[in-house]
Structure formats: structure tokens, C-alpha cells
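Read the structure below first, then the notes.
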Amino acid sequence: MSFPARLRVLLQLVPLVLLSGWSAVAGRAEVALAPLFTDGAVLQQGKSVPVWGTATSGERVHVSFAGQTASTVTDADGRWLVLLEPLAPTLTGADLVAEGSNTQTAHDVLVGEVWLCAGDEIFERPVAQAPDAAHTLAGAARPLIRQFTVPRTSAGASPAGRWQSATPGSLATFSAAGYSFARQLQPRLGVPIGIIQIAWARSTIAASLSPHTVATDPAAQATLASWRQTMADHPAARARYEAELAAWKAEAARHPSPLDQAAFLRKRPQPAPPLGPDDPAQPAALYSGMVSPIVPCALRGILWGQGQADALQPEAHGHFLAALIPSWRAAFGQDALPFYYVQLAEVRLATEAGNASAARLREAQQKALALPATGMAVSIDIGNSDASTHNTPEIGRRLALLARAATYHQPCDYTGPVFAGATREGSAMRVRFSHADTGLIAHDRPVQSLQLAGEDRRFYPAEGRLDGATLLVSSRQVPNPVAVRYAWTGAPGANLFNGSGLPAAPFRSDAW
């Protein structure tokens with residue numbers, strides 16, 4: 001797309017950019033840069049860079065940076081946007097200046113690589129809560145890595161946030177996964193790395209759909225109708241929850257010893273509160289409140305991690321992920337924008353059907369790889385079924401491997417073994433993989449969570465024997481196998497890797 005054509009497209013996006021996050025300007029107003037373009041910002045190198053803000057309606061605004069000046073006139077609501085031509089990377093900060101009836105200056109602005117980190121607790125969990133927090137904070141002086149955190153809001157509030165450099169005083173609040181990603185890339189690329197964090201624990205994928213997707217997608221409309229009914233039922237559901245919680249606390253008090261308490265909790269988990277109006281589940285709410293204010297920022301790519309809240313809705317999640325990727329690319333005006341995402345980690349659900357649903361959700365996520373410029377980081381081996389202990393720095397490292405290989409064309413192993421097929425060999429099934437040239441490894445013990453089924457379609461536990469880049473799977477209970485599965489449950493204890501130490505994704509050879 002030519003430079004003038006891209007400017008026209010982005011100007012058409014301005015009402016969407018500012019509708020939910022910036023109030024219309026009435027009367028006289030000072031020239032103001034959007035929060036994304038304030039002190040310490042990182043701008044994307046090598047691409048035209050939109051810069052926007054507000055001022056008095058009809059005022060001419062000039063924006064200057066790195067020897068360039070771009071001008072425009074604000075619209076009737078006082079909104080303005082200019083487009084800077086592609087910028088070269090910098091290692092020292094410079095001033096970004098917006099001038100009209102007044103002047104606003106953003107100091108110490110760098111040019112490098114900008115990545116958006118979006119989703120749920122995968123990107124919200126801070127460095128301070130990561131497994132290697134003490135070690136990470138001890139080496140925190142990395143001024144060329146910066147983060148902009150978009151505050152939680154579902155819609156309507158004015159956007160805030162500020163850029164921070166990775167220093168001992170600020171790093172503890174950085175996204176652990178985002179910082180790990182940036183730390184892997186920055187010394188290899190030799191340019192600044194900016195991370196924009198948009199994350200909300202326990203958010204659903206529907207909340208991150210664009211308003212246009214919700215308005216035009218029948219499945220999203222059905223989800224919206226369900227949300228509205230849930231909100232209508234919320235007062236009664238809340239009252240039931242309060243009663244159940246009171247009864248649960250009274251019964252828990254009758255089991256004071258630690259052993260009794262543990263046994264009680266296994267039998268009677270604490271009741272979960274019902275979905276409420278403040279939960280990040282309303283379709284398009286998170287997008288309107290947190291994504292819109294940074295559209296159409298110039299990006300190198302998007303990192304996405306979400307799925308735990310959707311574990312019981314695999315088909316809807318897969319459908320929405322396939323819709324979200326192109327819609328976000330369109331919003332940012334970059335059709336080939338890399339989109340690298342995290343497959344659902346371990347999650348232990350209450351029923352067998354729920355655990356099977358989590359396995360199907362991982363499969364639905366894997367199908368999104370059919371879209372161009374996508375990549376998936378497998379996390380089935382990380383942490384345990386308690387999301388608070390997931391190794392988010394390792395997730396960031398695996399995402400960085402994808403970026404290094406696919407975006408920056410640096411030779412590296414970037415994925416674990418990928419199921420490539422299975423064939424019958426006597427009473428066993430031989431499973432073949434791609435990305436297993438370095439061999440297969442079962443960490444700590446024999447390969448776990450294998451299952452075989454015969455013509456009756458009943459699956460039984462199976463054993464696996466590693467044979468170079470293949471896996472031979474057998475079970476005494478299935479003398480004539482026709483299908484094989486691996487890690488096909490919520491929290492399987494998966495332990496199959498390639499020689500590079502990257503895990504195999506869960507798979508199944510059947511379509512039952």
C-alpha cells in the first residue's frame with residue numbers, strides 16, 4: 001500500500017480509534033498527544049508510523065520527529081492523526097513534538113521493534129510473580145526494553161498508561177512473558193524493544209472481538225445474547241452463590257485440622273461466584289476499552305495468550321480466534337501482521353467431559369495455524385493446572401523463538417514435535433512427527449498420557465517406545481489399534497520433547 005493510500009485508510013479508522021477512549025473535544029482545547037506517544041515511547045522502525053491525539057476542532061497541528069514534520073487539521077470532534085514516513089532504529093531518545101496553539105513534547109522517544117502482548121493472565125502476570133523473579137530483577141537495568149501498560153477497562157473510560165523502561169524500580173510490574181520475549185530478542189536484534197500490554201486475567205476471547213465482528217458474526221451475536229441473559233439473571237445467581245458460600249464456610253469450619261480440611265476441599269471445592277457485570281466476558285468490551293485506544297499503532301507483531309476462561313467452549317473459541325486474527329490485522333492496517341499465540345496450558349476441570357473439552361480447545365487453537373503469518377507456542381508442559389504457577393518467562397522465550405525464526409529469519413529450532421501421522425504396525429501404532437530431526441526425548445520417565453483405541457472406539461492407557469524420530473505406541477488392552485492420542489485431557493502431565501527441549505503438542509489421529 002502506498003504512503004498516501006495508507007494515510008487515507010488510517011484516517012478512516014480515527015473514529016474507531018478514539019470513540020471509546022477519547023472524549024470529543026468541545027470548545028478550546030490544548031494540543032495533546034495520545035498517551036501512547038508520551039515520554040519514553042518506542043515507535044516501530046521500518047514502517048509508516050501513525051501518530052494521533054486531540055486539539056481544538058479545526059486547528060492545524062504539526063508533528064515533528066527525527067527530521068520529519070507532518071501536518072493536519074483536526075476534525076469536528078477535535079481529533080487528529082498524521083503519518084510519519086518509515087523511521088530508522090535509534091539507540092538514544094529524541095523529542096516527539098506536537099504543535100498548534102500550544103506545544104506538547106514527548107521526551108526520550110526511541111525507534112525499534114514494537115510488539116503487542118494481549119490476552120489473559122499469561123501476559124498480565126508480572127515479573128514479581130514469575131518463578132525466576134529474584135534472578136530477573138537482579139539484572140533489571142535494560143533501558144532499551146520498555147513497556148506500555150493499557151489499564152484494565154471494559155469501555156468508556158479515558159485511556160491512560162505510560163511507558164516505563166526496564167529498571168530495578170519498574171521491572172517488577174512488567175509482564176513476565178512480555179519481558180522474557182523482549183529480553184530474548186533485544187540483544188540479538190540490537191535495537192530497542194517496546195511491549196504494549198493489553199491483558200486481563202480470566203477474560204474470554206469474545207471480550208476481545210471487535211465491535212464490527214460482534215455485529216456481523218452470528219456466533220458472536222449468540223454469545224452477546226447469552227451474556228445479556230446472564231446479566232439479567234445475575235441478581236438471583238448472586239443470591240444463590242451467597243447462600244451456597246455461607247453453607248460451605250459453615251461446613252468447612254467443622255473440619256479444622258489440616259488433613260481434614262484438605263480432604264474436605266477435594267470433595268467440596270469452594271463455590272465459584274457467578275459471572276458479573278465487572279467480569280471481562282462481555283463481547284467486544286475489552287476491545288472497546290483497551291484495544292481501540294492504541295489502534296492503529298504501527299506494530300511488528302501481536303503476541304496472544306488466552307483460553308482458560310473458554311476451556312468449556314472449544315468450538316466457539318476456535319471460531320472466534322479465526323475471526324479475531326484478521327480483524328485485528330485490519331484494525332492495525334497491516335494484513336500480514338505476525339500473530340503468535342500460546343496454546344492452552346494445563347487446566348484441571350471438574351469433569352471428564354470438561355477435561356476432554358480442554359483438549360478440543362487446544363486442537364481448535366492449533367487449527368488457526370492455517371491462517372498466514374501465525375505461529376503457536378506449546379505450553380502443555382509448563383507449570384501445573386493452577387494458572388498462577390505457569391512458567392510465563394518460558395512462554396515468552398518460546399514466543400521469541402517463533403519471532404526469531406519467522407519474523408527475523410534467524411536460524412533456530414522454534415517448535416517441538418508436530419504430529420505428522422500414525423500407521424498400524426502389528427499390535428502397535430507408529431507415530432511420525434515433523435520437527436523431530438534432533439530426536440525424541442521423554443523427560444524424567446516413559447512417555448505419559450498415551451492412549452490407544454480399537455474399532456470399538458474405546459480408549460485405554462498405552463505405553464510408548466521412542467525410536468529415533470518416531471514413537472511406537474502399544475497397549476495390552478488394545479491388540480488391534482486403529483487410533484492413538486497423546487495428552488488428550490485437561491492436565492495430562494505431558495513429557496514428550498524433541499532434542500531442542502521443546503514440547504510436542506497434544507494430538508489425536510482420530511476425528512471421533
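Going through the C-alpha cells in order, the chains are called A, B, and so on, while each chain numbers its residues from 1 and the ligands are numbered from 1 in the order shown.
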
Spatial neighbours of Leu275 of chain A, 8 Å, only C-alpha atoms, chain gap at least 4 places, as a PyMOL selection string = chain A and resi 230-231+234+279

Write out as a VMD selection string each polymer residue whose atoms come within 7 Å of Thr92 of chain A, counting only C-alpha atoms; drop sequence neighbours fewer than 2 positions from it.
-> chain A and resid 90 94 110

At what distance in Å, to one decimal, does atom CA of Ser210 of chain A lie from atom CA of Ser327 of chain A?
-> 7.1 Å

Could you tell me which of A:Arg404, A:Arg398, A:Arg162, A:Lys267 comes closest to Ile195 of chain A if we count only C-alpha atoms?
-> A:Arg162

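Distance check against Pro277 of chain A using only C-alpha atoms: of A:Pro235, A:Pro338, A:Pro461, A:Pro506, the minimum falls on A:Pro235.
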
Residues flagged strand (DSSP E or B) by DSSP in segment 148-202 of chain A, as a PyMOL selection string = chain A and resi 148-149+163-166+175+193-199

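Between Phe497 of chain A and the candidates A:Ala206, A:Leu440, A:Leu83, A:Val447, the tightest atom-to-atom separation, counting only C-alpha atoms, involves A:Leu440.
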
Which one of A:Glu85, A:Glu113, A:Asp75, A:Glu244 sits closest to Gln44 of chain A if you count only C-alpha atoms?
-> A:Glu113

Using only C-alpha atoms, the shortest atom-to-atom distance to Ser48 of chain A among A:Ser170, A:Leu33, A:Pro143, A:Gly333 belongs to A:Gly333

Could you write out, as a PyMOL selection string, all the residues of segment 172-278 of chain A that DSSP marks as helix (DSSP H, G or I)?
-> chain A and resi 172-173+176-189+205-208+211-216+218-252+258-267

Can you write out the residues you just picked, keeping C-alpha atoms, as a PDB file, in the first residue's frame?
```pdb
ATOM      1  CA  ALA A 172       8.590  -5.954  38.904  1.00  0.00           C
ATOM      2  CA  THR A 173       5.336  -4.788  37.308  1.00  0.00           C
ATOM      3  CA  ALA A 176       6.768 -11.605  32.820  1.00  0.00           C
ATOM      4  CA  ALA A 177       6.047 -13.255  29.474  1.00  0.00           C
ATOM      5  CA  GLY A 178       6.359  -9.982  27.563  1.00  0.00           C
ATOM      6  CA  TYR A 179       9.624  -9.041  29.237  1.00  0.00           C
ATOM      7  CA  SER A 180      11.093 -12.500  28.659  1.00  0.00           C
ATOM      8  CA  PHE A 181      10.158 -12.210  24.981  1.00  0.00           C
ATOM      9  CA  ALA A 182      11.820  -8.793  24.714  1.00  0.00           C
ATOM     10  CA  ARG A 183      14.900  -9.899  26.665  1.00  0.00           C
ATOM     11  CA  GLN A 184      15.449 -12.762  24.224  1.00  0.00           C
ATOM     12  CA  LEU A 185      15.155 -10.513  21.180  1.00  0.00           C
ATOM     13  CA  GLN A 186      16.777  -7.217  22.141  1.00  0.00           C
ATOM     14  CA  PRO A 187      20.452  -8.269  22.263  1.00  0.00           C
ATOM     15  CA  ARG A 188      20.034 -10.362  19.113  1.00  0.00           C
ATOM     16  CA  LEU A 189      18.442  -7.530  17.134  1.00  0.00           C
ATOM     17  CA  ILE A 205     -11.914 -14.348  23.715  1.00  0.00           C
ATOM     18  CA  ALA A 206     -15.346 -12.882  22.963  1.00  0.00           C
ATOM     19  CA  ALA A 207     -14.434  -9.804  25.006  1.00  0.00           C
ATOM     20  CA  SER A 208     -11.521  -9.149  22.639  1.00  0.00           C
ATOM     21  CA  PRO A 211     -17.454  -4.408  17.671  1.00  0.00           C
ATOM     22  CA  HIS A 212     -17.652  -4.987  13.907  1.00  0.00           C
ATOM     23  CA  THR A 213     -17.088  -8.726  14.391  1.00  0.00           C
ATOM     24  CA  VAL A 214     -19.714  -8.900  17.117  1.00  0.00           C
ATOM     25  CA  ALA A 215     -22.184  -7.017  14.918  1.00  0.00           C
ATOM     26  CA  THR A 216     -21.651  -9.232  11.855  1.00  0.00           C
ATOM     27  CA  PRO A 218     -23.851 -14.871  14.060  1.00  0.00           C
ATOM     28  CA  ALA A 219     -21.879 -16.840  16.659  1.00  0.00           C
ATOM     29  CA  ALA A 220     -20.778 -13.604  18.328  1.00  0.00           C
ATOM     30  CA  GLN A 221     -24.366 -12.359  18.295  1.00  0.00           C
ATOM     31  CA  ALA A 222     -25.452 -15.555  20.043  1.00  0.00           C
ATOM     32  CA  THR A 223     -22.717 -15.067  22.654  1.00  0.00           C
ATOM     33  CA  LEU A 224     -23.859 -11.477  23.187  1.00  0.00           C
ATOM     34  CA  ALA A 225     -27.457 -12.624  23.679  1.00  0.00           C
ATOM     35  CA  SER A 226     -26.255 -15.210  26.197  1.00  0.00           C
ATOM     36  CA  TRP A 227     -24.277 -12.531  28.060  1.00  0.00           C
ATOM     37  CA  ARG A 228     -27.312 -10.272  28.269  1.00  0.00           C
ATOM     38  CA  GLN A 229     -29.418 -13.115  29.660  1.00  0.00           C
ATOM     39  CA  THR A 230     -26.683 -13.926  32.191  1.00  0.00           C
ATOM     40  CA  MET A 231     -26.674 -10.305  33.344  1.00  0.00           C
ATOM     41  CA  ALA A 232     -30.465 -10.332  33.641  1.00  0.00           C
ATOM     42  CA  ASP A 233     -30.182 -13.438  35.831  1.00  0.00           C
ATOM     43  CA  HIS A 234     -27.230 -12.106  37.827  1.00  0.00           C
ATOM     44  CA  PRO A 235     -29.060 -10.825  40.932  1.00  0.00           C
ATOM     45  CA  ALA A 236     -30.704 -14.199  41.524  1.00  0.00           C
ATOM     46  CA  ALA A 237     -27.467 -16.069  40.745  1.00  0.00           C
ATOM     47  CA  ARG A 238     -25.563 -13.853  43.169  1.00  0.00           C
ATOM     48  CA  ALA A 239     -28.077 -14.512  45.931  1.00  0.00           C
ATOM     49  CA  ARG A 240     -27.775 -18.287  45.373  1.00  0.00           C
ATOM     50  CA  TYR A 241     -23.990 -18.016  45.453  1.00  0.00           C
ATOM     51  CA  GLU A 242     -24.003 -16.085  48.748  1.00  0.00           C
ATOM     52  CA  ALA A 243     -26.205 -18.767  50.312  1.00  0.00           C
ATOM     53  CA  GLU A 244     -24.025 -21.593  48.953  1.00  0.00           C
ATOM     54  CA  LEU A 245     -20.864 -19.857  50.159  1.00  0.00           C
ATOM     55  CA  ALA A 246     -22.259 -19.381  53.660  1.00  0.00           C
ATOM     56  CA  ALA A 247     -23.213 -23.061  53.840  1.00  0.00           C
ATOM     57  CA  TRP A 248     -19.793 -24.091  52.519  1.00  0.00           C
ATOM     58  CA  LYS A 249     -17.966 -21.952  55.111  1.00  0.00           C
ATOM     59  CA  ALA A 250     -20.064 -23.415  57.887  1.00  0.00           C
ATOM     60  CA  GLU A 251     -19.259 -26.964  56.777  1.00  0.00           C
ATOM     61  CA  ALA A 252     -15.558 -26.128  56.278  1.00  0.00           C
ATOM     62  CA  PRO A 258      -5.167 -29.555  58.001  1.00  0.00           C
ATOM     63  CA  LEU A 259      -5.725 -33.146  56.864  1.00  0.00           C
ATOM     64  CA  ASP A 260      -9.490 -32.929  57.285  1.00  0.00           C
ATOM     65  CA  GLN A 261      -9.500 -29.565  55.570  1.00  0.00           C
ATOM     66  CA  ALA A 262      -7.570 -30.929  52.560  1.00  0.00           C
ATOM     67  CA  ALA A 263      -9.927 -33.901  52.242  1.00  0.00           C
ATOM     68  CA  PHE A 264     -12.932 -31.611  52.516  1.00  0.00           C
ATOM     69  CA  LEU A 265     -11.623 -29.281  49.819  1.00  0.00           C
ATOM     70  CA  ARG A 266     -11.106 -32.194  47.450  1.00  0.00           C
ATOM     71  CA  LYS A 267     -14.696 -33.286  47.960  1.00  0.00           C
TER      72      LYS A 267
END
```

Can you tell me, as a list in words, what residues are no more than 8 Å from Pro89 of chain A when counting only C-alpha atoms, ignoring any on the same chain fewer than 2 positions away?
-> Gln45, Gly46, Leu87, Leu91, Leu110, Val111, Gly112, Val191 and Pro192 of chain A

In terms of only C-alpha atoms, the residue from A:Leu36, A:Ala298, A:Leu369, A:Ala353 at minimal distance from Ala322 of chain A is A:Leu369
